[in-house]
Amino acid sequence: MAAAGELPTREQLLEALANTDDIKGKRDLAKVFGIRGDLRRPFKAMLAELDGEGVITRTRKALRRTAALPAVTVLDIPADADPENLHAFPAQWNEEEGERPRVAVLGGRDARVAPAPGDRILARIDAGDADIPAYTAKAMKILDKPRRGHIGIVRLDNEGARLVPVDRKQKEMRIPLGDLLTAGEGDLVEVEVKLSGRLMIPRAKVTAVIGNPASEGAISLIAIHNLEIPFRFPPSVIRDAEEAREATLKGREDWRDLPLVTIDPADAKDHDDAVYAQPDADEKNLGGHIVYVAIADVAGYVRPGTALDREAYLRGNSVYFPDRVVPMLPERISNDLCSLRQGEPRAALAVRLVFDKGGNKLGHSFHRILMRSAAKLSYQQAQAAIDGHPDDQTGPLLEPILKPLYAAYAAMAKARDQRGPLDLDLPERKIILDGKGMVKDIRVPERLAAHRLIEEMMIAANVAAAQALEAKKTPLLYRVHDVPSAEKLQALREFLGSLDISVKKSDAVRASDFNGILAQARKAGNVEQISEMVLRSQAQAEYSADNYGHFGLNLQRYAHFTSPIRRYADLIVHRALVKALGLGDDGLSDNEAQKLPGIAQHISSTERRAMLAERETADRLLAQFLAGQIGARFEGRISGVTRSGLFVRLRETGADGFIPASTLGQDFYRYEQGQQAMIGDRTGEKFTLGDTVTVRLLEVAPVAGALRFELLSEGVRVNASSAQRATKRPSKSYGSKARGRRG
């Protein structure tokens, strides 16, 4: 303790706050140290300094030392943090404790987790040895970041304004006119919620005007901002991209005379893969094929540690909406220098694959090349030519290029069928927009052999990349897909048992076992119903620095190599190949190799975020499309059964809506989880996952992307008591009696 009449040190002051009761404010603290006269000003300055640093805090009742951070806590790294000198703040913090403490995030060559600006991390905290904590953190895991608390669309009315939330679980709120900022009708805004009056009614106060999805023709803006997806490139990233130059032959093999072709969707703007095949001339491999797969050499332009690389890592992947694409890389890279345009020299990383006549791979080799695409084709063009309807472009390519490609694919398909990957071919709908960004049409694109040809050749290239890196004992990012959990398998068995479809009881399953189930379903005519449940039983694929195989593809090792324009994982694999095979000085650094587990966590998270954003945007577009059809009848299929009701997917549009359990019918409906069904206690009326139903559209919430239906169909009648005994699990919850009769 400082002597009376002397200014205490910072450490002595903090010790007094920690050990002395009933210090209510500065005066009490001054009495403890006997502060008088000329010492008052420097004493106040010391307190202000400690307060500003967040070391002490003042509340209405006391002046005290700020609460310490726990040994393990969740931190948020600001989006504008310096990537080379990261800092973070606690994700949860009581403002009464003072300012959130700033935490330095440690990195280094031995760091297993590599966070970036904008990440949320679970971290181990070190406060140091001094009395004044100097917090540092080591990241343990990168966490999925929750969506923003409250954003919504402003709607003006006679009473002022209201907020229509984008989250269907949140309720509308009034916005006082003085709290609108500059927001107008239809603007997307971020708000804070205030409670007002004795009834504590929630009111919204606009804190930021994000934009107007209607005027900008981009419904995707809602998901972009709600899920905090980066969509504007910083000036430094644009500058790096614009300064990039076309590749030359230096350090590359010249493959410009090899007639590689791109085969993509008709509306594709970038082309990151090209293929070519020819019969193998080796007498030891009669009937065999040589397949060449060339992938845009993004690693040659996006070097580790650059502004381009940091932004690509932050985004993790491109996000594809019906109304726009949020690319991982600027257009100068993705749509120009790394797009394998017809007739233009482009840098690529290529693999030469040798197959026998049965489609089994005999060998592979990787090459860093300069190529020139011989043709830009669409899937439909290539397929039409093979089917006997070539056009002016594909006619000259049919014999020398297309037929050898299809011959190689036919052999590869034999090996694929022998391998037995999961054959879950669910239709994917494509939303077509008009010039105003509204839905014009919804199509289910036809699955062609041309699609499968490219898929099979890309899979073969991905497998070769993983094998090449393992052979060199080089760290890599695997694309992994775990076996289904025992719980999900049991749920599937119970569901299939209710349909009299047998399945083996062992948890040691293979993809081919599910294919057998699907084959039974096709014979029984309920393949859509069972495909939905099989899909739900599967684990989610992800990225990992450790390999545990790919269950769905039935492959022991697999990596993503073929899309570095739109996936950071593929860029990492390219760099690893460059390093392992001595193809240049721009390969994977030792620092990156150490951080692969953290990189895998981060890009798995950004992939999940992209999938959620794409799904939410499709829901909003379809809801807007159906908003003018209230009262209309639709055919659909039950796509989900929960204790609170049924989800129905409309057949024509693929739009999903909800039927509350309380509206199902004149009965008390019980949720049977094992059968994925709702069953009436009195009537035995049963509604099961996959059932075809007729519904009436009752309500549309376009901003939230939500639909509410009325069920018009009658269910199948079963014996209620025996139906409940058929499932081994107890019923989870109950529906309610309907108040009206279905009509």
# chains A, B, ... in the order shown; residues from 1 in each chain; ligands from 1

call {"tool": "closest_atom_pairs", "arguments": {"of": "region 329-385 of chain A", "to": "region 577-582 of chain A", "cutoff": "10 Å", "atoms": "only C-alpha atoms", "output": "tab-separated table"}}
result
residue	atom	partner	partner_atom	distance
A:Leu349	CA	A:Val578	CA	8.9
A:Ser365	CA	A:Leu581	CA	9.9
A:Phe366	CA	A:Leu581	CA	8.1
A:His367	CA	A:Leu581	CA	9.0
A:Arg368	CA	A:Val578	CA	8.4

call {"tool": "closest_residue", "arguments": {"among": "A:Leu340, A:Asn360, A:Val164, A:Thr663", "to": "Asp264 (chain A)", "atoms": "only C-alpha atoms"}}
result
A:Leu340

call {"tool": "residues_around", "arguments": {"residues": "Leu689 (chain A)", "least_positions_apart": "5", "cutoff": "7 Å", "atoms": "only C-alpha atoms", "output": "ChimeraX atom specification"}}
result
/A:529,638-641,676-677

call {"tool": "write_last_selection", "arguments": {"atoms": "N, CA and C atoms", "output": "mmCIF file, in the first residue's frame"}}
result
data_model
loop_
_atom_site.group_PDB
_atom_site.id
_atom_site.type_symbol
_atom_site.label_atom_id
_atom_site.label_comp_id
_atom_site.auth_asym_id
_atom_site.auth_seq_id
_atom_site.Cartn_x
_atom_site.Cartn_y
_atom_site.Cartn_z
ATOM 1 N N GLN A 529 -40.452 -40.411 -51.778
ATOM 2 C CA GLN A 529 -40.684 -40.475 -50.341
ATOM 3 C C GLN A 529 -39.468 -41.034 -49.614
ATOM 4 N N ILE A 638 -45.696 -34.175 -48.836
ATOM 5 C CA ILE A 638 -45.260 -33.881 -47.470
ATOM 6 C C ILE A 638 -43.741 -34.063 -47.398
ATOM 7 N N SER A 639 -43.038 -32.977 -47.109
ATOM 8 C CA SER A 639 -41.569 -33.005 -47.104
ATOM 9 C C SER A 639 -40.995 -33.021 -45.701
ATOM 10 N N GLY A 640 -41.847 -32.860 -44.685
ATOM 11 C CA GLY A 640 -41.370 -32.886 -43.313
ATOM 12 C C GLY A 640 -42.525 -33.077 -42.349
ATOM 13 N N VAL A 641 -42.262 -33.831 -41.299
ATOM 14 C CA VAL A 641 -43.272 -34.050 -40.258
ATOM 15 C C VAL A 641 -42.626 -33.716 -38.921
ATOM 16 N N GLN A 676 -42.459 -41.180 -38.977
ATOM 17 C CA GLN A 676 -42.488 -39.858 -39.603
ATOM 18 C C GLN A 676 -43.916 -39.547 -40.059
ATOM 19 N N ALA A 677 -44.829 -39.592 -39.101
ATOM 20 C CA ALA A 677 -46.246 -39.457 -39.440
ATOM 21 C C ALA A 677 -47.002 -38.747 -38.328
#

call {"tool": "select_by_dssp", "arguments": {"residues": "region 105-314 of chain A", "states": "strand (DSSP E)", "output": "PyMOL selection string"}}
result
chain A and resi 105-106+120-126+136-143+151-157+160-165+173-175+188-196+201-211+253-255+261-264+273-279+289-296

call {"tool": "residues_around", "arguments": {"residues": "region 479-482 of chain A", "least_positions_apart": "5", "cutoff": "12 Å", "atoms": "only C-alpha atoms", "output": "short mmCIF file (atom, residue, chain, number, x, y, z; two decimals) with all heavy atoms, in the first residue's frame"}}
result
data_model
loop_
_atom_site.label_atom_id
_atom_site.label_comp_id
_atom_site.auth_asym_id
_atom_site.auth_seq_id
_atom_site.Cartn_x
_atom_site.Cartn_y
_atom_site.Cartn_z
N LEU A 422 -23.41 -43.63 -53.69
CA LEU A 422 -24.81 -43.40 -53.37
C LEU A 422 -25.52 -42.78 -54.57
O LEU A 422 -25.14 -41.72 -55.06
CB LEU A 422 -24.91 -42.46 -52.16
CG LEU A 422 -26.32 -42.17 -51.63
CD1 LEU A 422 -27.01 -43.45 -51.20
CD2 LEU A 422 -26.24 -41.19 -50.46
N ILE A 459 -14.43 -36.01 -60.68
CA ILE A 459 -14.22 -36.88 -59.52
C ILE A 459 -12.88 -37.61 -59.66
O ILE A 459 -12.11 -37.72 -58.70
CB ILE A 459 -15.38 -37.88 -59.38
CG1 ILE A 459 -16.64 -37.14 -58.91
CG2 ILE A 459 -15.02 -39.00 -58.40
CD1 ILE A 459 -17.89 -38.00 -58.92
N ASN A 462 -10.10 -35.26 -58.87
CA ASN A 462 -10.05 -34.98 -57.44
C ASN A 462 -9.39 -36.13 -56.67
O ASN A 462 -8.59 -35.91 -55.75
CB ASN A 462 -11.46 -34.75 -56.89
CG ASN A 462 -12.05 -33.43 -57.34
OD1 ASN A 462 -11.33 -32.49 -57.66
ND2 ASN A 462 -13.37 -33.35 -57.36
N VAL A 463 -9.74 -37.36 -57.04
CA VAL A 463 -9.12 -38.52 -56.40
C VAL A 463 -7.62 -38.54 -56.68
O VAL A 463 -6.80 -38.79 -55.78
CB VAL A 463 -9.78 -39.83 -56.90
CG1 VAL A 463 -9.00 -41.05 -56.42
CG2 VAL A 463 -11.23 -39.91 -56.43
N ALA A 465 -5.66 -36.06 -57.25
CA ALA A 465 -5.00 -35.00 -56.47
C ALA A 465 -4.72 -35.49 -55.05
O ALA A 465 -3.62 -35.30 -54.51
CB ALA A 465 -5.86 -33.74 -56.45
N ALA A 466 -5.72 -36.11 -54.42
CA ALA A 466 -5.53 -36.63 -53.07
C ALA A 466 -4.45 -37.71 -53.04
O ALA A 466 -3.59 -37.74 -52.14
CB ALA A 466 -6.85 -37.17 -52.52
N VAL A 509 -22.68 -49.94 -42.59
CA VAL A 509 -23.37 -49.82 -43.87
C VAL A 509 -22.44 -49.24 -44.92
O VAL A 509 -21.45 -48.58 -44.61
CB VAL A 509 -24.63 -48.94 -43.74
CG1 VAL A 509 -25.65 -49.60 -42.84
CG2 VAL A 509 -24.26 -47.55 -43.21
N ARG A 510 -22.78 -49.51 -46.18
CA ARG A 510 -22.09 -48.94 -47.33
C ARG A 510 -23.10 -48.19 -48.17
O ARG A 510 -24.32 -48.38 -48.04
CB ARG A 510 -21.43 -50.04 -48.17
CG ARG A 510 -20.37 -50.84 -47.43
CD ARG A 510 -19.98 -52.07 -48.25
NE ARG A 510 -19.45 -51.71 -49.56
CZ ARG A 510 -18.15 -51.67 -49.85
NH1 ARG A 510 -17.26 -52.00 -48.92
NH2 ARG A 510 -17.73 -51.34 -51.04
N ALA A 511 -22.58 -47.34 -49.06
CA ALA A 511 -23.47 -46.60 -49.94
C ALA A 511 -24.34 -47.54 -50.76
O ALA A 511 -25.52 -47.25 -51.04
CB ALA A 511 -22.65 -45.69 -50.86
N SER A 537 -30.82 -39.12 -43.56
CA SER A 537 -29.98 -40.00 -42.73
C SER A 537 -28.49 -39.75 -42.93
O SER A 537 -27.67 -40.25 -42.14
CB SER A 537 -30.30 -41.46 -43.05
OG SER A 537 -29.80 -41.83 -44.34
N GLN A 538 -28.14 -38.99 -43.96
CA GLN A 538 -26.74 -38.80 -44.29
C GLN A 538 -26.08 -37.70 -43.45
O GLN A 538 -26.72 -36.72 -43.06
CB GLN A 538 -26.58 -38.45 -45.77
CG GLN A 538 -27.15 -39.47 -46.73
CD GLN A 538 -26.53 -40.83 -46.57
OE1 GLN A 538 -25.31 -41.00 -46.66
NE2 GLN A 538 -27.37 -41.83 -46.31
N ALA A 539 -24.80 -37.86 -43.18
CA ALA A 539 -24.01 -36.80 -42.55
C ALA A 539 -23.76 -35.70 -43.58
O ALA A 539 -23.95 -35.90 -44.78
CB ALA A 539 -22.68 -37.37 -42.05
N GLN A 540 -23.33 -34.54 -43.10
CA GLN A 540 -23.03 -33.44 -44.02
C GLN A 540 -21.56 -33.50 -44.41
O GLN A 540 -20.68 -33.66 -43.55
CB GLN A 540 -23.33 -32.09 -43.36
CG GLN A 540 -23.15 -30.92 -44.31
CD GLN A 540 -23.67 -29.62 -43.71
OE1 GLN A 540 -23.79 -29.47 -42.51
NE2 GLN A 540 -23.99 -28.66 -44.56
N ALA A 541 -21.29 -33.39 -45.69
CA ALA A 541 -19.90 -33.38 -46.16
C ALA A 541 -19.22 -32.10 -45.68
O ALA A 541 -19.86 -31.05 -45.52
CB ALA A 541 -19.84 -33.48 -47.67
N GLU A 542 -17.91 -32.16 -45.46
CA GLU A 542 -17.16 -31.00 -44.98
C GLU A 542 -15.71 -31.14 -45.39
O GLU A 542 -15.30 -32.11 -46.03
CB GLU A 542 -17.28 -30.90 -43.46
CG GLU A 542 -16.72 -32.10 -42.71
CD GLU A 542 -16.90 -32.02 -41.21
OE1 GLU A 542 -17.43 -30.99 -40.74
OE2 GLU A 542 -16.51 -32.96 -40.51
N TYR A 543 -14.90 -30.15 -44.99
CA TYR A 543 -13.46 -30.18 -45.25
C TYR A 543 -12.73 -30.54 -43.96
O TYR A 543 -13.15 -30.16 -42.86
CB TYR A 543 -12.98 -28.84 -45.78
CG TYR A 543 -13.58 -28.49 -47.12
CD1 TYR A 543 -14.61 -27.57 -47.22
CD2 TYR A 543 -13.14 -29.11 -48.28
CE1 TYR A 543 -15.19 -27.26 -48.44
CE2 TYR A 543 -13.71 -28.83 -49.51
CZ TYR A 543 -14.73 -27.90 -49.58
OH TYR A 543 -15.31 -27.61 -50.79
N SER A 544 -11.63 -31.27 -44.10
CA SER A 544 -10.88 -31.70 -42.93
C SER A 544 -9.42 -31.92 -43.30
O SER A 544 -9.12 -32.35 -44.42
CB SER A 544 -11.48 -32.99 -42.36
OG SER A 544 -10.67 -33.51 -41.33
N ALA A 545 -8.55 -31.62 -42.35
CA ALA A 545 -7.13 -31.93 -42.56
C ALA A 545 -6.85 -33.40 -42.28
O ALA A 545 -5.77 -33.90 -42.60
CB ALA A 545 -6.27 -31.05 -41.66
N ASP A 546 -7.81 -34.08 -41.66
CA ASP A 546 -7.70 -35.52 -41.40
C ASP A 546 -8.66 -36.27 -42.32
O ASP A 546 -9.77 -35.81 -42.57
CB ASP A 546 -8.05 -35.83 -39.94
CG ASP A 546 -7.12 -35.13 -38.97
OD1 ASP A 546 -5.90 -35.15 -39.21
OD2 ASP A 546 -7.61 -34.55 -37.98
N ASN A 547 -8.23 -37.41 -42.77
CA ASN A 547 -9.02 -38.16 -43.75
C ASN A 547 -9.84 -39.26 -43.07
O ASN A 547 -9.30 -40.08 -42.34
CB ASN A 547 -8.11 -38.80 -44.80
CG ASN A 547 -8.89 -39.54 -45.87
OD1 ASN A 547 -10.03 -39.17 -46.19
ND2 ASN A 547 -8.30 -40.58 -46.42
N TYR A 548 -11.15 -39.24 -43.28
CA TYR A 548 -11.97 -40.39 -42.88
C TYR A 548 -12.89 -40.81 -44.02
O TYR A 548 -13.93 -41.42 -43.81
CB TYR A 548 -12.75 -40.11 -41.59
CG TYR A 548 -13.54 -38.83 -41.53
CD1 TYR A 548 -14.83 -38.76 -42.03
CD2 TYR A 548 -13.02 -37.69 -40.94
CE1 TYR A 548 -15.58 -37.60 -41.95
CE2 TYR A 548 -13.74 -36.52 -40.84
CZ TYR A 548 -15.03 -36.48 -41.35
OH TYR A 548 -15.77 -35.33 -41.26
N GLY A 549 -12.46 -40.51 -45.26
CA GLY A 549 -13.13 -41.04 -46.43
C GLY A 549 -14.38 -40.27 -46.83
O GLY A 549 -14.84 -39.37 -46.14
N HIS A 550 -14.91 -40.65 -47.98
CA HIS A 550 -16.14 -40.04 -48.49
C HIS A 550 -17.16 -41.14 -48.66
O HIS A 550 -17.12 -41.92 -49.62
CB HIS A 550 -15.88 -39.33 -49.81
CG HIS A 550 -16.94 -38.34 -50.19
ND1 HIS A 550 -18.23 -38.72 -50.49
CD2 HIS A 550 -16.92 -36.98 -50.29
CE1 HIS A 550 -18.95 -37.65 -50.77
NE2 HIS A 550 -18.19 -36.58 -50.65
N PHE A 551 -18.11 -41.22 -47.71
CA PHE A 551 -19.09 -42.30 -47.70
C PHE A 551 -19.96 -42.28 -48.95
O PHE A 551 -20.18 -43.31 -49.59
CB PHE A 551 -19.96 -42.20 -46.45
CG PHE A 551 -21.05 -43.22 -46.38
CD1 PHE A 551 -20.78 -44.51 -45.95
CD2 PHE A 551 -22.35 -42.91 -46.77
CE1 PHE A 551 -21.79 -45.47 -45.92
CE2 PHE A 551 -23.36 -43.86 -46.73
CZ PHE A 551 -23.07 -45.15 -46.30
N GLY A 552 -20.49 -41.11 -49.31
CA GLY A 552 -21.43 -41.01 -50.43
C GLY A 552 -20.82 -41.45 -51.75
O GLY A 552 -21.49 -42.11 -52.55
N LEU A 553 -19.57 -41.09 -51.99
CA LEU A 553 -18.89 -41.47 -53.23
C LEU A 553 -18.22 -42.84 -53.11
O LEU A 553 -17.71 -43.36 -54.11
CB LEU A 553 -17.84 -40.42 -53.61
CG LEU A 553 -18.39 -39.05 -54.02
CD1 LEU A 553 -17.25 -38.06 -54.24
CD2 LEU A 553 -19.24 -39.16 -55.28
N ASN A 554 -18.21 -43.39 -51.89
CA ASN A 554 -17.56 -44.67 -51.62
C ASN A 554 -16.09 -44.63 -52.04
O ASN A 554 -15.60 -45.50 -52.77
CB ASN A 554 -18.29 -45.83 -52.32
CG ASN A 554 -17.89 -47.19 -51.74
OD1 ASN A 554 -17.35 -47.26 -50.65
ND2 ASN A 554 -18.15 -48.25 -52.49
N LEU A 555 -15.41 -43.59 -51.56
CA LEU A 555 -14.00 -43.39 -51.87
C LEU A 555 -13.20 -43.27 -50.57
O LEU A 555 -13.65 -42.62 -49.62
CB LEU A 555 -13.79 -42.12 -52.71
CG LEU A 555 -14.35 -42.16 -54.13
CD1 LEU A 555 -14.36 -40.78 -54.74
CD2 LEU A 555 -13.53 -43.12 -54.99
N GLN A 556 -12.01 -43.88 -50.56
CA GLN A 556 -11.18 -43.84 -49.35
C GLN A 556 -10.48 -42.50 -49.19
O GLN A 556 -10.17 -42.09 -48.07
CB GLN A 556 -10.14 -44.96 -49.39
CG GLN A 556 -10.75 -46.35 -49.28
CD GLN A 556 -9.69 -47.43 -49.27
OE1 GLN A 556 -8.52 -47.19 -49.57
NE2 GLN A 556 -10.10 -48.65 -48.91
N ARG A 557 -10.20 -41.83 -50.29
CA ARG A 557 -9.54 -40.52 -50.20
C ARG A 557 -10.10 -39.64 -51.31
O ARG A 557 -10.31 -40.08 -52.44
CB ARG A 557 -8.02 -40.66 -50.31
CG ARG A 557 -7.55 -41.40 -51.55
CD ARG A 557 -6.08 -41.75 -51.48
NE ARG A 557 -5.75 -42.52 -50.30
CZ ARG A 557 -5.93 -43.84 -50.19
NH1 ARG A 557 -6.46 -44.52 -51.21
NH2 ARG A 557 -5.61 -44.48 -49.11
N TYR A 558 -10.32 -38.38 -50.96
CA TYR A 558 -10.95 -37.47 -51.91
C TYR A 558 -10.59 -36.04 -51.52
O TYR A 558 -10.55 -35.70 -50.34
CB TYR A 558 -12.48 -37.66 -51.87
CG TYR A 558 -13.23 -36.99 -53.00
CD1 TYR A 558 -13.02 -37.37 -54.32
CD2 TYR A 558 -14.15 -35.98 -52.74
CE1 TYR A 558 -13.72 -36.78 -55.36
CE2 TYR A 558 -14.86 -35.38 -53.77
CZ TYR A 558 -14.64 -35.78 -55.08
OH TYR A 558 -15.33 -35.18 -56.11
N ALA A 559 -10.31 -35.21 -52.51
CA ALA A 559 -10.01 -33.79 -52.27
C ALA A 559 -10.66 -32.97 -53.37
O ALA A 559 -10.92 -33.49 -54.46
CB ALA A 559 -8.50 -33.55 -52.25
N HIS A 560 -10.92 -31.72 -53.10
CA HIS A 560 -11.47 -30.83 -54.13
C HIS A 560 -10.33 -30.11 -54.83
O HIS A 560 -9.56 -29.37 -54.22
CB HIS A 560 -12.43 -29.82 -53.49
CG HIS A 560 -13.84 -30.32 -53.41
ND1 HIS A 560 -14.82 -29.71 -52.67
CD2 HIS A 560 -14.44 -31.39 -53.99
CE1 HIS A 560 -15.95 -30.37 -52.80
NE2 HIS A 560 -15.74 -31.40 -53.59
N PHE A 561 -10.25 -30.33 -56.14
CA PHE A 561 -9.16 -29.80 -56.97
C PHE A 561 -9.68 -28.99 -58.15
O PHE A 561 -8.98 -28.15 -58.70
CB PHE A 561 -8.31 -30.99 -57.46
CG PHE A 561 -7.45 -30.74 -58.66
CD1 PHE A 561 -6.28 -30.01 -58.56
CD2 PHE A 561 -7.82 -31.25 -59.91
CE1 PHE A 561 -5.49 -29.78 -59.69
CE2 PHE A 561 -7.04 -31.04 -61.04
CZ PHE A 561 -5.87 -30.29 -60.91
N ARG A 567 -13.86 -22.01 -54.95
CA ARG A 567 -13.71 -22.68 -53.66
C ARG A 567 -12.27 -22.53 -53.17
O ARG A 567 -11.33 -22.90 -53.88
CB ARG A 567 -14.05 -24.18 -53.77
CG ARG A 567 -15.50 -24.48 -54.05
CD ARG A 567 -15.81 -25.96 -53.95
NE ARG A 567 -14.98 -26.80 -54.79
CZ ARG A 567 -15.43 -27.77 -55.58
NH1 ARG A 567 -16.74 -28.02 -55.63
NH2 ARG A 567 -14.62 -28.51 -56.30
N ALA A 569 -10.88 -24.20 -50.84
CA ALA A 569 -10.31 -25.53 -50.61
C ALA A 569 -9.49 -25.99 -51.81
O ALA A 569 -8.39 -26.54 -51.67
CB ALA A 569 -11.42 -26.53 -50.31
N ASP A 570 -10.03 -25.78 -53.00
CA ASP A 570 -9.35 -26.20 -54.23
C ASP A 570 -8.05 -25.42 -54.44
O ASP A 570 -7.05 -25.96 -54.91
CB ASP A 570 -10.27 -26.00 -55.44
CG ASP A 570 -11.58 -26.76 -55.29
OD1 ASP A 570 -12.26 -26.56 -54.27
OD2 ASP A 570 -11.95 -27.52 -56.20
N VAL A 573 -5.44 -26.99 -52.33
CA VAL A 573 -4.97 -28.24 -52.94
C VAL A 573 -4.03 -27.95 -54.11
O VAL A 573 -3.02 -28.64 -54.29
CB VAL A 573 -6.17 -29.11 -53.37
CG1 VAL A 573 -5.72 -30.29 -54.24
CG2 VAL A 573 -6.91 -29.63 -52.13
N ALA A 600 -9.81 -25.58 -42.63
CA ALA A 600 -10.92 -26.51 -42.92
C ALA A 600 -12.18 -26.11 -42.16
O ALA A 600 -13.28 -26.12 -42.72
CB ALA A 600 -10.50 -27.93 -42.55
N GLN A 601 -12.03 -25.76 -40.89
CA GLN A 601 -13.20 -25.33 -40.10
C GLN A 601 -13.83 -24.08 -40.71
O GLN A 601 -15.06 -23.99 -40.83
CB GLN A 601 -12.78 -25.04 -38.66
CG GLN A 601 -12.42 -26.26 -37.85
CD GLN A 601 -11.97 -25.89 -36.45
OE1 GLN A 601 -12.05 -24.74 -36.03
NE2 GLN A 601 -11.50 -26.88 -35.71
N ILE A 603 -13.67 -22.76 -43.85
CA ILE A 603 -14.33 -22.87 -45.16
C ILE A 603 -15.52 -23.82 -45.10
O ILE A 603 -16.45 -23.68 -45.91
CB ILE A 603 -13.34 -23.27 -46.27
CG1 ILE A 603 -12.68 -24.62 -45.98
CG2 ILE A 603 -12.29 -22.18 -46.46
CD1 ILE A 603 -11.71 -25.06 -47.07
N SER A 604 -15.54 -24.76 -44.17
CA SER A 604 -16.75 -25.56 -43.97
C SER A 604 -17.88 -24.67 -43.48
O SER A 604 -19.04 -24.81 -43.87
CB SER A 604 -16.50 -26.70 -42.97
OG SER A 604 -15.57 -27.64 -43.49
#

call {"tool": "closest_residue", "arguments": {"among": "A:Met438, A:Leu448, A:Ile431, A:Ile77", "to": "Tyr320 (chain A)", "atoms": "only C-alpha atoms"}}
result
A:Ile431

call {"tool": "residues_around", "arguments": {"residues": "Phe495 (chain A)", "least_positions_apart": "5", "cutoff": "10 Å", "atoms": "only C-alpha atoms", "output": "list in words"}}
result
Leu489, Gln490, Asp500, Ile501, Ile530, Met533, Glu672, Gln673, Gly674, Gln675, Gln676, Ala677, Thr688, Leu689 and Thr727 of chain A

call {"tool": "select_by_dssp", "arguments": {"residues": "region 510-686 of chain A", "states": "helix (DSSP H, G or I)", "output": "MDAnalysis selection string"}}
result
chainID A and resid 511:524 527:537 568:580 590:594 596:629 661:663

call {"tool": "residues_around", "arguments": {"residues": "Ala632 (chain A)", "least_positions_apart": "6", "cutoff": "10 Å", "atoms": "only C-alpha atoms", "output": "list in words"}}
result
Leu626, Val695, Arg696, Leu697, Leu698 and Phe709 of chain A

call {"tool": "closest_residue", "arguments": {"among": "A:Val193, A:Met371, A:Val166, A:Ala382", "to": "Ile263 (chain A)", "atoms": "only C-alpha atoms"}}
result
A:Ala382

call {"tool": "residues_around", "arguments": {"residues": "Ala627 (chain A)", "least_positions_apart": "6", "cutoff": "8 Å", "atoms": "only C-alpha atoms", "output": "PyMOL selection string"}}
result
chain A and resi 700-702

call {"tool": "write_last_selection", "arguments": {"atoms": "N, CA, C and O atoms", "output": "PDB file, in the first residue's frame"}}
result
ATOM      1  N   VAL A 700     -49.056 -15.724 -47.168  1.00  0.00           N
ATOM      2  CA  VAL A 700     -47.708 -15.589 -47.729  1.00  0.00           C
ATOM      3  C   VAL A 700     -46.986 -14.467 -46.997  1.00  0.00           C
ATOM      4  O   VAL A 700     -47.539 -13.378 -46.819  1.00  0.00           O
ATOM      5  N   ALA A 701     -45.746 -14.730 -46.568  1.00  0.00           N
ATOM      6  CA  ALA A 701     -44.874 -13.698 -45.984  1.00  0.00           C
ATOM      7  C   ALA A 701     -43.631 -13.616 -46.858  1.00  0.00           C
ATOM      8  O   ALA A 701     -42.636 -14.305 -46.598  1.00  0.00           O
ATOM      9  N   PRO A 702     -43.661 -12.783 -47.921  1.00  0.00           N
ATOM     10  CA  PRO A 702     -42.556 -12.778 -48.888  1.00  0.00           C
ATOM     11  C   PRO A 702     -41.201 -12.416 -48.284  1.00  0.00           C
ATOM     12  O   PRO A 702     -40.178 -12.979 -48.670  1.00  0.00           O
TER      13      PRO A 702
END

call {"tool": "atom_distance", "arguments": {"atom1": "CA of Val103 (chain A)", "atom2": "CA of Asp119 (chain A)"}}
result
13.9 Å

call {"tool": "decode", "arguments": {"residues": "region 703-710 of chain A", "atoms": "N, CA and C atoms", "output": "JSON list (two decimals), in the first residue's frame"}}
result
[["chain", "number", "residue", "atom", "x", "y", "z"],
["A", 703, "VAL", "N", -41.17, -11.47, -47.34],
["A", 703, "VAL", "CA", -39.89, -11.04, -46.77],
["A", 703, "VAL", "C", -39.23, -12.19, -46.01],
["A", 704, "ALA", "N", -40.02, -12.96, -45.28],
["A", 704, "ALA", "CA", -39.47, -14.10, -44.54],
["A", 704, "ALA", "C", -39.38, -15.36, -45.40],
["A", 705, "GLY", "N", -40.04, -15.36, -46.57],
["A", 705, "GLY", "CA", -40.02, -16.54, -47.42],
["A", 705, "GLY", "C", -40.88, -17.66, -46.87],
["A", 706, "ALA", "N", -42.00, -17.31, -46.20],
["A", 706, "ALA", "CA", -42.82, -18.30, -45.52],
["A", 706, "ALA", "C", -44.19, -18.41, -46.17],
["A", 707, "LEU", "N", -44.71, -19.64, -46.24],
["A", 707, "LEU", "CA", -46.05, -19.93, -46.77],
["A", 707, "LEU", "C", -46.82, -20.73, -45.72],
["A", 708, "ARG", "N", -48.13, -20.49, -45.65],
["A", 708, "ARG", "CA", -48.99, -21.32, -44.79],
["A", 708, "ARG", "C", -50.11, -21.90, -45.63],
["A", 709, "PHE", "N", -50.30, -23.23, -45.49],
["A", 709, "PHE", "CA", -51.28, -23.96, -46.28],
["A", 709, "PHE", "C", -52.42, -24.47, -45.41],
["A", 710, "GLU", "N", -53.52, -24.78, -46.09],
["A", 710, "GLU", "CA", -54.61, -25.56, -45.52],
["A", 710, "GLU", "C", -54.62, -26.90, -46.23]]
